[in-house]
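Coordinates from model_38.txt are shown below (compact mmCIF, C-alpha atoms).
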```txt
# COMPACT_ATOMS: atom_id res chain seq x y z
CA MET Z 1 158.85 291.76 -6.94
CA ALA Z 2 162.06 290.59 -5.36
CA ARG Z 3 165.23 292.47 -6.10
CA LYS Z 4 167.45 290.89 -8.73
CA SER Z 5 171.20 290.57 -8.65
CA HIS Z 6 173.51 290.86 -11.61
CA VAL Z 7 175.72 287.80 -11.96
CA GLN Z 8 178.58 287.19 -14.35
CA THR Z 9 179.75 283.63 -14.78
CA THR Z 10 181.30 281.35 -17.37
CA ILE Z 11 179.02 278.70 -18.83
CA ASN Z 12 180.51 276.11 -21.16
CA GLY Z 13 183.48 278.39 -21.76
CA GLU Z 14 181.52 281.53 -22.59
CA THR Z 15 181.08 284.55 -20.34
CA VAL Z 16 177.42 284.89 -19.48
CA GLU Z 17 175.63 287.65 -17.57
CA PHE Z 18 172.22 287.25 -16.07
CA LEU Z 19 169.84 288.79 -13.54
CA CYS Z 20 168.35 286.53 -10.90
CA GLU Z 21 166.60 286.58 -7.56
CA SER Z 22 168.55 285.20 -4.61
CA ARG Z 23 166.04 282.41 -4.22
CA GLN Z 24 166.53 281.11 -7.76
CA SER Z 25 168.63 277.96 -7.91
CA LEU Z 26 171.32 277.53 -10.51
CA LEU Z 27 168.99 274.97 -12.10
CA GLU Z 28 166.22 277.58 -12.39
CA VAL Z 29 168.67 280.14 -13.79
CA LEU Z 30 169.96 277.67 -16.38
CA ARG Z 31 166.51 276.57 -17.48
CA ASP Z 32 164.31 279.64 -17.02
CA GLU Z 33 166.69 282.56 -17.56
CA LEU Z 34 169.31 281.13 -19.93
CA HIS Z 35 167.07 278.56 -21.66
CA LEU Z 36 169.63 275.79 -21.22
CA THR Z 37 167.09 273.05 -20.59
CA GLY Z 38 169.48 270.09 -20.64
CA ALA Z 39 169.77 269.90 -16.86
CA LYS Z 40 166.49 268.46 -15.58
CA GLU Z 41 164.46 269.03 -12.45
CA GLY Z 42 163.73 265.70 -10.80
CA CYS Z 43 163.38 265.76 -7.04
CA ASN Z 44 164.59 269.34 -6.45
CA ASN Z 45 166.16 268.27 -3.16
CA GLY Z 46 169.47 266.65 -4.00
CA ASN Z 47 168.44 263.01 -4.19
CA CYS Z 48 168.10 262.22 -7.90
CA GLY Z 49 171.00 263.90 -9.71
CA ALA Z 50 168.96 264.84 -12.81
CA CYS Z 51 170.18 268.44 -12.44
CA SER Z 52 173.91 267.51 -12.16
CA VAL Z 53 176.31 270.08 -13.58
CA ILE Z 54 180.00 270.73 -13.04
CA LEU Z 55 180.80 273.86 -11.02
CA ASP Z 56 184.45 274.92 -10.96
CA GLY Z 57 185.44 271.39 -11.92
CA ARG Z 58 183.32 269.70 -9.27
CA LEU Z 59 180.08 267.79 -9.73
CA VAL Z 60 177.13 269.46 -7.97
CA ASN Z 61 173.35 269.26 -7.93
CA SER Z 62 172.34 272.55 -9.56
CA CYS Z 63 169.07 272.52 -7.59
CA LEU Z 64 171.17 272.92 -4.41
CA VAL Z 65 173.25 275.86 -5.65
CA LEU Z 66 171.89 279.40 -5.73
CA GLY Z 67 172.31 281.24 -9.02
CA VAL Z 68 173.90 284.17 -7.14
CA GLU Z 69 176.58 281.84 -5.79
CA THR Z 70 178.02 281.32 -9.28
CA GLU Z 71 179.41 284.87 -9.60
CA GLY Z 72 182.90 284.53 -11.11
CA LYS Z 73 182.64 280.75 -11.34
CA SER Z 74 182.71 278.31 -14.21
CA VAL Z 75 179.75 276.05 -15.00
CA GLU Z 76 179.72 273.09 -17.39
CA THR Z 77 176.38 271.73 -18.59
CA ILE Z 78 175.34 269.00 -21.01
CA GLU Z 79 174.94 271.65 -23.73
CA GLY Z 80 178.70 272.21 -23.74
CA LEU Z 81 179.69 268.62 -24.46
CA ALA Z 82 179.04 267.87 -28.13
CA GLU Z 83 180.80 269.62 -30.97
CA PRO Z 84 178.49 270.96 -33.71
CA ASP Z 85 178.82 267.82 -35.84
CA LYS Z 86 180.16 265.31 -33.33
CA LEU Z 87 178.88 263.88 -30.07
CA HIS Z 88 181.09 263.66 -27.01
CA PRO Z 89 182.53 260.13 -26.48
CA ILE Z 90 180.34 259.67 -23.39
CA GLN Z 91 177.25 260.56 -25.41
CA ASP Z 92 178.31 258.09 -28.12
CA ALA Z 93 178.85 255.37 -25.54
CA PHE Z 94 175.40 255.95 -24.04
CA LEU Z 95 173.86 255.49 -27.49
CA GLU Z 96 175.98 252.45 -28.35
CA ASN Z 97 175.13 250.76 -25.05
CA ALA Z 98 171.45 251.77 -25.08
CA ALA Z 99 172.13 253.38 -21.70
CA LEU Z 100 168.94 255.41 -21.76
CA GLN Z 101 165.26 254.99 -22.31
CA CYS Z 102 163.12 257.97 -21.31
CA GLY Z 103 166.16 260.24 -21.13
CA ILE Z 104 165.26 262.43 -18.16
CA CYS Z 105 168.20 261.24 -16.07
CA THR Z 106 170.64 261.12 -18.99
CA PRO Z 107 172.11 264.65 -18.93
CA GLY Z 108 172.78 264.23 -15.22
CA PHE Z 109 174.37 260.82 -15.67
CA ILE Z 110 176.55 262.09 -18.51
CA MET Z 111 177.76 265.12 -16.54
CA SER Z 112 178.40 262.90 -13.54
CA ALA Z 113 180.32 260.43 -15.72
CA LYS Z 114 182.30 263.32 -17.23
CA ALA Z 115 183.28 264.60 -13.80
CA LEU Z 116 184.43 261.08 -12.89
CA LEU Z 117 186.45 260.54 -16.06
CA ASP Z 118 187.97 264.03 -15.85
CA SER Z 119 189.40 263.16 -12.44
CA ASN Z 120 189.91 259.40 -12.94
CA PRO Z 121 190.18 258.38 -16.61
CA ASN Z 122 190.30 254.66 -15.87
CA PRO Z 123 187.85 253.86 -13.05
CA THR Z 124 186.86 250.36 -11.98
CA GLU Z 125 183.26 249.21 -12.22
CA HIS Z 126 183.05 249.54 -8.43
CA GLU Z 127 184.30 253.14 -8.55
CA ILE Z 128 181.80 253.96 -11.32
CA ARG Z 129 178.88 252.49 -9.39
CA TYR Z 130 179.70 254.43 -6.23
CA TRP Z 131 180.42 257.67 -8.12
CA LEU Z 132 177.07 257.44 -9.94
CA ALA Z 133 175.11 256.48 -6.80
CA GLY Z 134 173.73 260.02 -6.58
CA ASN Z 135 172.08 259.73 -10.01
CA LEU Z 136 168.81 257.82 -10.18
CA CYS Z 137 167.39 256.05 -13.24
CA ARG Z 138 164.02 254.29 -13.29
CA CYS Z 139 164.39 252.77 -16.79
CA THR Z 140 167.70 251.07 -17.40
CA GLY Z 141 168.53 249.22 -14.23
CA TYR Z 142 171.91 251.01 -14.32
CA ASP Z 143 173.87 248.16 -15.88
CA LYS Z 144 173.93 249.67 -19.37
CA ILE Z 145 174.94 253.03 -17.95
CA VAL Z 146 177.85 251.50 -16.05
CA LYS Z 147 178.90 249.59 -19.19
CA ALA Z 148 178.76 252.79 -21.24
CA VAL Z 149 181.08 254.57 -18.81
CA LEU Z 150 183.42 251.54 -18.73
CA ASP Z 151 183.51 251.65 -22.54
CA VAL Z 152 184.58 255.30 -22.58
CA ALA Z 153 187.27 254.58 -20.02
CA LYS Z 154 188.53 251.66 -22.11
CA GLU Z 155 188.61 253.71 -25.32
CA THR Z 156 190.35 256.73 -23.86
CA SER Z 157 192.93 254.75 -21.91
CA ALA Z 158 193.59 252.26 -24.76
CA MET W 1 160.97 279.18 -2.51
CA GLN W 2 160.37 282.12 -0.17
CA ASP W 3 162.13 285.35 -1.03
CA PHE W 4 165.32 286.16 0.84
CA SER W 5 168.41 288.31 0.47
CA TYR W 6 171.89 286.95 -0.17
CA VAL W 7 175.21 288.36 1.00
CA SER W 8 178.62 286.92 0.30
CA ALA W 9 180.40 287.92 3.52
CA GLN W 10 184.13 288.57 3.20
CA THR W 11 185.13 288.52 6.86
CA VAL W 12 184.03 286.82 10.08
CA PRO W 13 183.11 290.18 11.76
CA GLU W 14 180.94 291.07 8.77
CA ALA W 15 179.08 287.75 8.98
CA VAL W 16 178.75 288.04 12.77
CA ALA W 17 177.37 291.60 12.54
CA LEU W 18 174.74 290.47 10.04
CA LEU W 19 173.79 287.46 12.18
CA ASP W 20 173.54 289.66 15.25
CA GLU W 21 171.34 292.17 13.47
CA LYS W 22 168.95 289.67 11.86
CA GLY W 23 168.83 286.99 14.57
CA GLU W 24 166.95 283.80 13.76
CA LYS W 25 165.98 285.04 10.29
CA ALA W 26 169.57 284.95 9.08
CA ARG W 27 171.32 281.69 8.30
CA ILE W 28 174.87 280.87 7.33
CA LEU W 29 175.11 279.34 3.85
CA ALA W 30 178.02 276.98 3.25
CA GLY W 31 177.27 273.92 1.09
CA GLY W 32 173.54 274.58 1.15
CA THR W 33 172.64 270.90 0.88
CA ASP W 34 170.49 271.08 4.02
CA LEU W 35 169.67 274.79 4.20
CA ILE W 36 168.41 275.28 0.63
CA VAL W 37 166.17 272.20 0.93
CA GLN W 38 164.80 273.39 4.29
CA VAL W 39 163.94 276.84 2.94
CA ARG W 40 162.47 275.42 -0.26
CA GLU W 41 160.26 273.07 1.76
CA ALA W 42 159.26 275.96 4.07
CA ARG W 43 160.74 274.18 7.07
CA ARG W 44 162.86 277.21 7.86
CA ASP W 45 161.95 280.90 7.60
CA VAL W 46 164.96 282.83 6.33
CA ASP W 47 165.26 286.49 5.35
CA LEU W 48 168.97 286.50 4.73
CA MET W 49 171.49 283.88 3.62
CA ILE W 50 175.04 284.77 4.55
CA ASP W 51 177.42 282.93 2.24
CA VAL W 52 180.68 282.29 4.13
CA LYS W 53 182.57 280.51 1.38
CA SER W 54 184.70 283.62 0.66
CA ILE W 55 185.89 283.98 4.27
CA PRO W 56 189.46 282.62 4.61
CA GLU W 57 189.14 281.31 8.23
CA VAL W 58 186.05 279.30 7.31
CA ASN W 59 187.90 277.59 4.45
CA VAL W 60 191.08 276.57 6.26
CA LEU W 61 192.16 272.98 5.83
CA ASN W 62 195.45 272.69 7.62
CA TYR W 63 196.96 269.53 9.05
CA ASP W 64 200.17 269.49 11.02
CA ALA W 65 201.51 266.31 12.63
CA ASN W 66 202.16 268.23 15.88
CA ALA W 67 199.40 270.83 15.96
CA GLY W 68 196.65 268.65 14.52
CA LEU W 69 193.87 269.62 12.14
CA THR W 70 192.15 272.95 11.68
CA LEU W 71 189.07 272.31 9.62
CA GLY W 72 187.19 275.37 8.40
CA ALA W 73 183.43 275.13 8.79
CA ALA W 74 182.80 275.46 5.03
CA VAL W 75 185.38 272.95 3.78
CA GLU W 76 183.63 270.46 1.53
CA CYS W 77 183.80 266.70 2.20
CA TYR W 78 185.72 265.91 -0.98
CA LYS W 79 188.60 268.20 -0.01
CA ILE W 80 189.07 266.33 3.26
CA TYR W 81 189.45 262.84 1.83
CA ALA W 82 191.71 264.18 -0.94
CA VAL W 83 194.49 264.79 1.62
CA ASP W 84 196.43 261.60 2.33
CA ALA W 85 197.84 262.86 5.64
CA ILE W 86 194.31 263.55 6.91
CA CYS W 87 193.12 260.09 5.79
CA ASP W 88 196.02 258.56 7.73
CA ALA W 89 195.54 260.68 10.86
CA TYR W 90 191.74 260.73 11.14
CA PRO W 91 190.35 257.73 9.25
CA GLY W 92 187.14 257.76 11.29
CA LEU W 93 186.31 261.27 10.10
CA VAL W 94 187.16 260.31 6.54
CA ASP W 95 184.81 257.29 6.80
CA ALA W 96 181.95 259.71 7.45
CA THR W 97 182.85 262.26 4.76
CA LYS W 98 182.83 259.49 2.16
CA ILE W 99 179.30 258.29 2.94
CA ILE W 100 177.43 261.58 3.28
CA GLY W 101 175.24 261.73 0.19
CA GLY W 102 176.63 260.97 -3.24
CA THR W 103 179.42 262.57 -5.22
CA ALA W 104 177.50 265.75 -5.97
CA ILE W 105 176.56 266.26 -2.31
CA GLN W 106 180.16 265.68 -1.18
CA GLY W 107 181.20 268.39 -3.64
CA ARG W 108 179.28 270.98 -1.61
CA ALA W 109 178.48 269.62 1.84
CA GLY W 110 181.01 269.84 4.65
CA VAL W 111 181.62 268.67 8.19
CA GLY W 112 180.83 272.12 9.64
CA GLY W 113 177.42 272.24 7.98
CA ASN W 114 176.70 268.68 9.08
CA LEU W 115 177.46 269.79 12.65
CA CYS W 116 175.45 273.04 12.50
CA ASN W 117 172.44 271.26 10.98
CA ALA W 118 172.49 269.24 14.22
CA SER W 119 170.68 266.19 12.96
CA PRO W 120 170.69 263.37 15.53
CA ALA W 121 171.76 261.09 12.64
CA ALA W 122 174.62 263.29 11.37
CA ASP W 123 177.43 260.99 10.26
CA CYS W 124 180.24 263.47 10.92
CA ILE W 125 179.43 264.14 14.55
CA PRO W 126 180.38 260.81 16.20
CA PRO W 127 183.82 260.95 14.53
CA LEU W 128 184.28 264.55 15.71
CA ILE W 129 183.32 263.45 19.24
CA VAL W 130 185.72 260.50 19.31
CA LEU W 131 188.53 262.65 17.85
CA ASN W 132 188.13 265.21 20.65
CA ALA W 133 187.20 268.03 18.28
CA THR W 134 186.73 271.56 19.59
CA CYS W 135 184.42 274.08 17.93
CA VAL W 136 185.81 277.55 17.31
CA ILE W 137 182.86 279.93 17.55
CA ALA W 138 182.90 283.63 16.67
CA GLY W 139 180.31 286.03 18.03
CA PRO W 140 179.64 289.67 18.89
CA ASN W 141 181.75 289.28 22.05
CA GLY W 142 184.69 287.64 20.34
CA GLU W 143 185.74 284.04 20.01
CA ARG W 144 185.05 281.05 22.25
CA GLU W 145 185.72 277.34 22.09
CA LEU W 146 183.38 274.48 22.91
CA PRO W 147 183.91 270.70 22.98
CA VAL W 148 181.99 269.26 20.05
CA GLU W 149 179.92 266.93 22.25
CA GLN W 150 178.33 270.06 23.79
CA PHE W 151 177.51 271.71 20.45
CA CYS W 152 174.20 270.03 19.57
CA THR W 153 171.45 270.70 22.10
CA ALA W 154 168.36 269.19 20.41
CA PRO W 155 167.36 268.07 16.91
CA GLY W 156 168.32 271.01 14.65
CA GLN W 157 169.38 273.10 17.67
CA THR W 158 172.90 274.11 18.64
CA ALA W 159 174.74 275.95 21.39
CA LEU W 160 175.28 278.91 19.03
CA GLU W 161 173.93 282.10 20.62
CA LYS W 162 172.49 285.07 18.76
CA GLY W 163 175.11 286.47 16.41
CA GLU W 164 177.41 283.47 16.72
CA MET W 165 178.78 281.31 13.93
CA LEU W 166 180.95 278.22 13.70
CA VAL W 167 184.30 279.25 12.20
CA SER W 168 186.24 276.00 12.34
CA MET W 169 186.86 272.80 14.21
CA LYS W 170 190.16 271.89 15.80
CA ILE W 171 191.18 268.26 16.17
CA PRO W 172 194.28 267.37 18.18
CA ALA W 173 197.10 265.49 16.50
CA PRO W 174 196.58 261.74 16.87
CA ALA W 175 198.56 260.01 19.62
CA SER W 176 200.94 257.28 18.52
CA ASN W 177 199.29 253.85 18.26
CA SER W 178 195.88 255.43 17.81
CA SER W 179 193.21 255.27 15.14
CA SER W 180 189.52 255.81 14.58
CA PHE W 181 186.59 254.23 12.77
CA TYR W 182 183.02 255.20 11.88
CA LEU W 183 180.24 253.09 10.45
CA ARG W 184 176.49 253.22 10.24
CA PHE W 185 173.68 250.80 9.60
CA ILE W 186 171.56 251.51 6.54
CA PRO W 187 169.35 249.04 4.68
CA ARG W 188 171.26 249.55 1.42
CA ASN W 189 174.83 250.07 0.24
CA GLU W 190 174.95 253.83 -0.27
CA MET W 191 172.95 257.05 -0.21
CA ASP W 192 170.92 256.76 2.97
CA ILE W 193 170.53 258.22 6.43
CA ALA W 194 171.89 256.31 9.42
CA VAL W 195 169.48 254.06 11.30
CA VAL W 196 172.29 254.07 13.85
CA GLY W 197 175.85 255.36 13.54
CA ALA W 198 178.81 254.56 15.76
CA GLY W 199 182.32 255.96 15.89
CA ALA W 200 185.28 254.91 17.98
CA SER W 201 188.81 256.03 18.57
CA VAL W 202 191.39 253.98 20.43
CA THR W 203 194.93 254.48 21.63
CA LEU W 204 196.84 251.26 22.28
CA ASP W 205 200.10 250.67 24.11
CA ASP W 206 203.31 250.08 22.16
CA ALA W 207 202.68 246.33 22.06
CA LYS W 208 199.23 247.09 20.61
CA GLN W 209 197.66 244.73 23.14
CA THR W 210 196.29 247.08 25.79
CA ILE W 211 193.85 249.94 25.38
CA VAL W 212 195.32 253.12 26.82
CA SER W 213 192.18 255.11 26.11
CA ALA W 214 189.11 254.98 23.91
CA ARG W 215 186.19 257.17 22.95
CA ILE W 216 182.83 256.10 21.57
CA GLY W 217 180.30 258.34 19.82
CA LEU W 218 176.78 257.44 18.70
CA ALA W 219 174.32 258.86 16.18
CA ALA W 220 170.57 258.46 15.66
CA VAL W 221 169.85 256.99 19.10
CA ALA W 222 168.99 260.19 21.02
CA PRO W 223 167.88 263.79 20.30
CA THR W 224 171.56 264.65 19.74
CA PRO W 225 174.63 262.62 18.84
CA LEU W 226 176.07 261.17 22.05
CA PHE W 227 179.48 260.80 23.64
CA ALA W 228 179.34 257.41 25.40
CA GLU W 229 181.53 258.55 28.24
CA GLU W 230 181.15 255.63 30.65
CA ALA W 231 181.49 253.05 27.90
CA SER W 232 184.67 254.79 26.76
CA ALA W 233 186.13 254.99 30.28
CA LEU W 234 185.52 251.25 30.85
CA LEU W 235 188.11 250.43 28.23
CA ALA W 236 191.01 252.43 29.64
CA GLY W 237 193.78 250.08 30.79
CA ARG W 238 191.99 246.96 29.54
CA GLU W 239 193.65 244.36 27.41
CA VAL W 240 192.09 244.12 23.96
CA SER W 241 189.54 241.30 24.26
CA ASP W 242 186.02 240.43 23.19
CA ALA W 243 184.95 240.65 26.82
CA ALA W 244 186.18 244.22 27.23
CA ILE W 245 184.62 245.30 23.94
CA ASP W 246 181.32 243.60 24.83
CA GLU W 247 181.25 245.45 28.14
CA ALA W 248 181.78 248.77 26.40
CA ALA W 249 179.11 247.93 23.83
CA GLN W 250 176.63 247.13 26.60
CA ALA W 251 177.45 250.39 28.36
CA ALA W 252 176.89 252.25 25.09
CA GLN W 253 173.51 250.51 24.70
CA ALA W 254 172.58 251.66 28.19
CA ILE W 255 172.74 255.35 27.24
CA ALA W 256 170.89 254.96 23.93
CA ARG W 257 167.34 256.30 24.09
CA PRO W 258 166.19 255.87 20.50
CA ILE W 259 162.79 256.48 18.98
CA SER W 260 160.91 254.21 16.61
CA ASP W 261 160.37 255.72 13.19
CA MET W 262 160.24 254.71 9.52
CA ARG W 263 163.96 253.86 9.59
CA GLY W 264 163.83 251.45 12.49
CA THR W 265 162.30 250.57 15.83
CA ALA W 266 163.78 251.59 19.16
CA GLU W 267 164.44 247.91 19.86
CA GLN W 268 166.35 247.43 16.61
CA ARG W 269 168.32 250.63 17.19
CA THR W 270 169.32 249.56 20.69
CA HIS W 271 170.48 246.22 19.30
CA LEU W 272 172.42 248.02 16.57
CA VAL W 273 174.23 250.22 19.10
CA GLY W 274 175.80 247.06 20.51
CA VAL W 275 176.72 245.62 17.11
CA LEU W 276 178.09 248.86 15.68
CA THR W 277 180.00 249.84 18.82
CA ARG W 278 181.80 246.49 18.72
CA ARG W 279 182.54 246.89 15.02
CA ALA W 280 183.73 250.48 15.42
CA LEU W 281 186.06 249.55 18.28
CA ASN W 282 187.39 246.48 16.48
CA GLY W 283 187.77 248.52 13.30
CA ALA W 284 189.81 251.21 15.06
CA ILE W 285 191.95 248.58 16.83
CA GLN W 286 192.59 246.79 13.55
CA ARG W 287 193.67 250.05 11.96
CA VAL W 288 196.20 250.65 14.73
CA ARG W 289 197.54 247.12 14.28
CA ASP W 290 197.65 247.47 10.48
CA THR W 291 199.85 250.54 10.78
CA ALA W 292 203.53 249.73 10.94
```
Just dump the structure as structure tokens.
Amino acid sequence: MARKSHVQTTINGETVEFLCESRQSLLEVLRDELHLTGAKEGCNNGNCGACSVILDGRLVNSCLVLGVETEGKSVETIEGLAEPDKLHPIQDAFLENAALQCGICTPGFIMSAKALLDSNPNPTEHEIRYWLAGNLCRCTGYDKIVKAVLDVAKETSA
Amino acid sequence: MQDFSYVSAQTVPEAVALLDEKGEKARILAGGTDLIVQVREARRDVDLMIDVKSIPEVNVLNYDANAGLTLGAAVECYKIYAVDAICDAYPGLVDATKIIGGTAIQGRAGVGGNLCNASPAADCIPPLIVLNATCVIAGPNGERELPVEQFCTAPGQTALEKGEMLVSMKIPAPASNSSSFYLRFIPRNEMDIAVVGAGASVTLDDAKQTIVSARIGLAAVAPTPLFAEEASALLAGREVSDAAIDEAAQAAQAIARPISDMRGTAEQRTHLVGVLTRRALNGAIQRVRDTA
């Protein structure tokens, strides 16, 4: 069996230690080692965005990051968004706008939207569409997703 | 994915020593957006990934209006277009960094990795060619420099010798009355690989009517990105005109030797070289004229 490395990282604000093989992606570490199954495996090659997480403040595809690369870094996943009795405003907006059907792409879209709104709280529709171009959805036709993100921007900047 | 070891190298000599020892079975890991996919799909056999993102020289992003740009090989795309002075000085390079993949890819992928992956369709390479970039390469025998148009030798192959790594790229400061432009043809708006890509840089005279010099670079029309040297030279000293630009575009078409594949036929690609070369040149000229 391949040698495992010890990695210490911060996930959703908490210090987490894990053992992983070098070949395990961050996505595999999150899902298989840490049982954080919110990030999804879609294409596993950086095209679909279902595995999107925020690494040191920057949106990444967790399938294209090695678990060992996250030593000393900070990772945000969909599990860190809601408070125990309250959804995050982006999650609320997705529900209000019916911005999901099957749900596989949703955690990725929400993390991608969060990374956008963290850096640009009041994006235009054009900026939203280009920012989210790396996240694929086969159900909604995107319009409801874009409207949901516009709604959050409107609420927070109102 | 195949099993491999991982080292986060802290210095260039450490990375070079590891590369020299392991040869082909070691690969430099920067953004990983090509390398991790290649290893996962068993297109590349790797025993050791050498992460260079902790090495200071590989992460330099330093622009000086006199000295130009030093761009570390691991600097991610998003950091480049976040610097206003770089957007003003090298808009053609910024055009490319904004269209490589989506947001998540641009958060990891960089110009250096795009160059080392040596895809014929790499969007960053024509801008590097037209901006006269030089590759700074470290190896077991010290450092050497190579013009970027000599870096790619075949699809996926580079001029890097055993034990060598790309440390950074150096781009000269832009001349006054100069600008650059890159565009590609893809069948949709975003998130695709170039059917053809074309970059241009131009320097105009003070009246902004005559071309002092120009450079044209092409992607996805040959086994490596091309510097269209003759087409570029044709423009020197010419007044800006459709005739001069058409001549350059035709000369660029003459060196294209594209293949037909799922993205386009050779005939379509040759046609596109003409269209995109004209647009890249006109785009760069317009940018010079738009600058006060």
### Message
Quick check, in Å to one decimal: how far apart do CA of Val46 (chain W) and CA of Glu17 (chain Z) lie?
### Response
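Distance between the two atoms: 26.6 Å.
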### Message
If the cut-off is 10 Å, can you tell me the residues of chain Z near chain W, counting all atoms listed in the file? I'd like them as a VMD selection string.
### Response
chain Z and resid 1 to 5 21 to 25 44 to 49 52 to 55 57 to 66 68 to 69 112 115 to 116 130 to 135
### Query
What does the distance from CA of Cys51 (chain Z) to CA of Ala96 (chain W) come to in Å, to one decimal?
24.7 Å
Please provide the set of residues having any atom within 8 Å of Met169 (chain W), restricted to all atoms listed in the file, with same-chain residues fewer than 3 positions apart removed, written as a CSV table (one decimal) with C-alpha atoms, in the coordinates of the input.
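Okay, part34.csv is ready:
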```csv
chain,number,residue,atom,x,y,z
W,69,LEU,CA,193.9,269.6,12.1
W,70,THR,CA,192.2,273.0,11.7
W,71,LEU,CA,189.1,272.3,9.6
W,72,GLY,CA,187.2,275.4,8.4
W,73,ALA,CA,183.4,275.1,8.8
W,112,GLY,CA,180.8,272.1,9.6
W,133,ALA,CA,187.2,268.0,18.3
W,134,THR,CA,186.7,271.6,19.6
W,135,CYS,CA,184.4,274.1,17.9
W,136,VAL,CA,185.8,277.6,17.3
```
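CA of Ala113 (chain Z) is found 14.4 Å from CA of Glu155 (chain Z).
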### Query
Of the candidates W:Gly197, W:Pro174, W:Pro140, W:Pro127, which shows the shortest atom-to-atom distance to Lys162 (chain W), using only C-alpha atoms?
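Of W:Gly197, W:Pro174, W:Pro140, W:Pro127, the one nearest Lys162 (chain W), counting only C-alpha atoms, is W:Pro140.
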### Leu81 (chain Z) surroundings by only C-alpha atoms, 10 Å radius, close-in-sequence under 5 positions cut, as number ranges by chain
Z: 12, 76, 86-91, 110-111, 114
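Closest approach to Glu247 (chain W) among W:Ile259, W:Ala82, W:Leu234, W:Ala222: W:Leu234, based on all atoms listed in the file.
Of the residues under consideration (Z:Ile78, Z:Leu36, Z:Ile145, Z:Ile128), Z:Ile145 shows the shortest atom-to-atom contact distance to Leu100 (chain Z) when counting only C-alpha atoms.
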### Query
Do you know which residues lie at most 10 Å from (195.0, 249.9, 15.4), with coordinates as in the file and only C-alpha atoms counted, and could you write them as a list of chain:residue names?
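Protein, DNA and RNA residues close to (195.0, 249.9, 15.4): W:Ser176, W:Asn177, W:Ser178, W:Ser179, W:Ser180, W:Phe181, W:Ser201, W:Val202, W:Thr203, W:Leu204, W:Lys208, W:Gln209, W:Leu281, W:Asn282, W:Gly283, W:Ala284, W:Ile285, W:Gln286, W:Arg287, W:Val288, W:Arg289, W:Asp290, W:Thr291, W:Ala292.
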Keeping C-alpha atoms for every residue in the selection just given, could you write it to a file as an mmCIF file, keeping the file's coordinate frame?
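Okay, this is what ended up in selection.cif:
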```cif
data_model
loop_
_atom_site.group_PDB
_atom_site.id
_atom_site.type_symbol
_atom_site.label_atom_id
_atom_site.label_comp_id
_atom_site.auth_asym_id
_atom_site.auth_seq_id
_atom_site.Cartn_x
_atom_site.Cartn_y
_atom_site.Cartn_z
ATOM 1 C CA SER W 176 200.940 257.280 18.520
ATOM 2 C CA ASN W 177 199.290 253.850 18.260
ATOM 3 C CA SER W 178 195.880 255.430 17.810
ATOM 4 C CA SER W 179 193.210 255.270 15.140
ATOM 5 C CA SER W 180 189.520 255.810 14.580
ATOM 6 C CA PHE W 181 186.590 254.230 12.770
ATOM 7 C CA SER W 201 188.810 256.030 18.570
ATOM 8 C CA VAL W 202 191.390 253.980 20.430
ATOM 9 C CA THR W 203 194.930 254.480 21.630
ATOM 10 C CA LEU W 204 196.840 251.260 22.280
ATOM 11 C CA LYS W 208 199.230 247.090 20.610
ATOM 12 C CA GLN W 209 197.660 244.730 23.140
ATOM 13 C CA LEU W 281 186.060 249.550 18.280
ATOM 14 C CA ASN W 282 187.390 246.480 16.480
ATOM 15 C CA GLY W 283 187.770 248.520 13.300
ATOM 16 C CA ALA W 284 189.810 251.210 15.060
ATOM 17 C CA ILE W 285 191.950 248.580 16.830
ATOM 18 C CA GLN W 286 192.590 246.790 13.550
ATOM 19 C CA ARG W 287 193.670 250.050 11.960
ATOM 20 C CA VAL W 288 196.200 250.650 14.730
ATOM 21 C CA ARG W 289 197.540 247.120 14.280
ATOM 22 C CA ASP W 290 197.650 247.470 10.480
ATOM 23 C CA THR W 291 199.850 250.540 10.780
ATOM 24 C CA ALA W 292 203.530 249.730 10.940
#
```
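Distances to Phe109 (chain Z) were evaluated for Z:Thr37, Z:Thr140, Z:Thr70, Z:Thr15 using only C-alpha atoms, and the minimum falls at Z:Thr140.
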### Task
Fewer than 2 positions away in the same chain doesn't count, so skip those; otherwise give me all residues within 9 Å of Gly237 (chain W), counting all atoms listed in the file, as a ChimeraX atom specification.
/W:210-213,234-235,239
### Query
Using only C-alpha atoms, which residue out of Z:Leu26, Z:Val7, Z:Cys43, Z:Leu34 lies closest to Cys105 (chain Z)?
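Checking each of Z:Leu26, Z:Val7, Z:Cys43, Z:Leu34 against Cys105 (chain Z), counting only C-alpha atoms, the winner is Z:Cys43.
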### Query
Hey, what's within 8 Å of Lys40 (chain Z) if we count only C-alpha atoms and toss same-chain stuff fewer than 2 positions away? As an NGL selection string, please?
:Z and (27 or 37-38 or 42 or 50-51 or 104-105 or 107-108)
Which polymer residues have any atom within 10 Å of an atom of Ala98 (chain Z), counting all atoms listed in the file, with same-chain residues fewer than 4 positions away left out, as a PDB file with C-alpha atoms, in the coordinates of the input?
```pdb
ATOM      1  CA  ASP Z  92     178.310 258.090 -28.120  1.00  0.00           C
ATOM      2  CA  ALA Z  93     178.850 255.370 -25.540  1.00  0.00           C
ATOM      3  CA  PHE Z  94     175.400 255.950 -24.040  1.00  0.00           C
ATOM      4  CA  THR Z 140     167.700 251.070 -17.400  1.00  0.00           C
ATOM      5  CA  LYS Z 144     173.930 249.670 -19.370  1.00  0.00           C
ATOM      6  CA  ILE Z 145     174.940 253.030 -17.950  1.00  0.00           C
ATOM      7  CA  LYS Z 147     178.900 249.590 -19.190  1.00  0.00           C
ATOM      8  CA  ALA Z 148     178.760 252.790 -21.240  1.00  0.00           C
TER       9      ALA Z 148
END
```
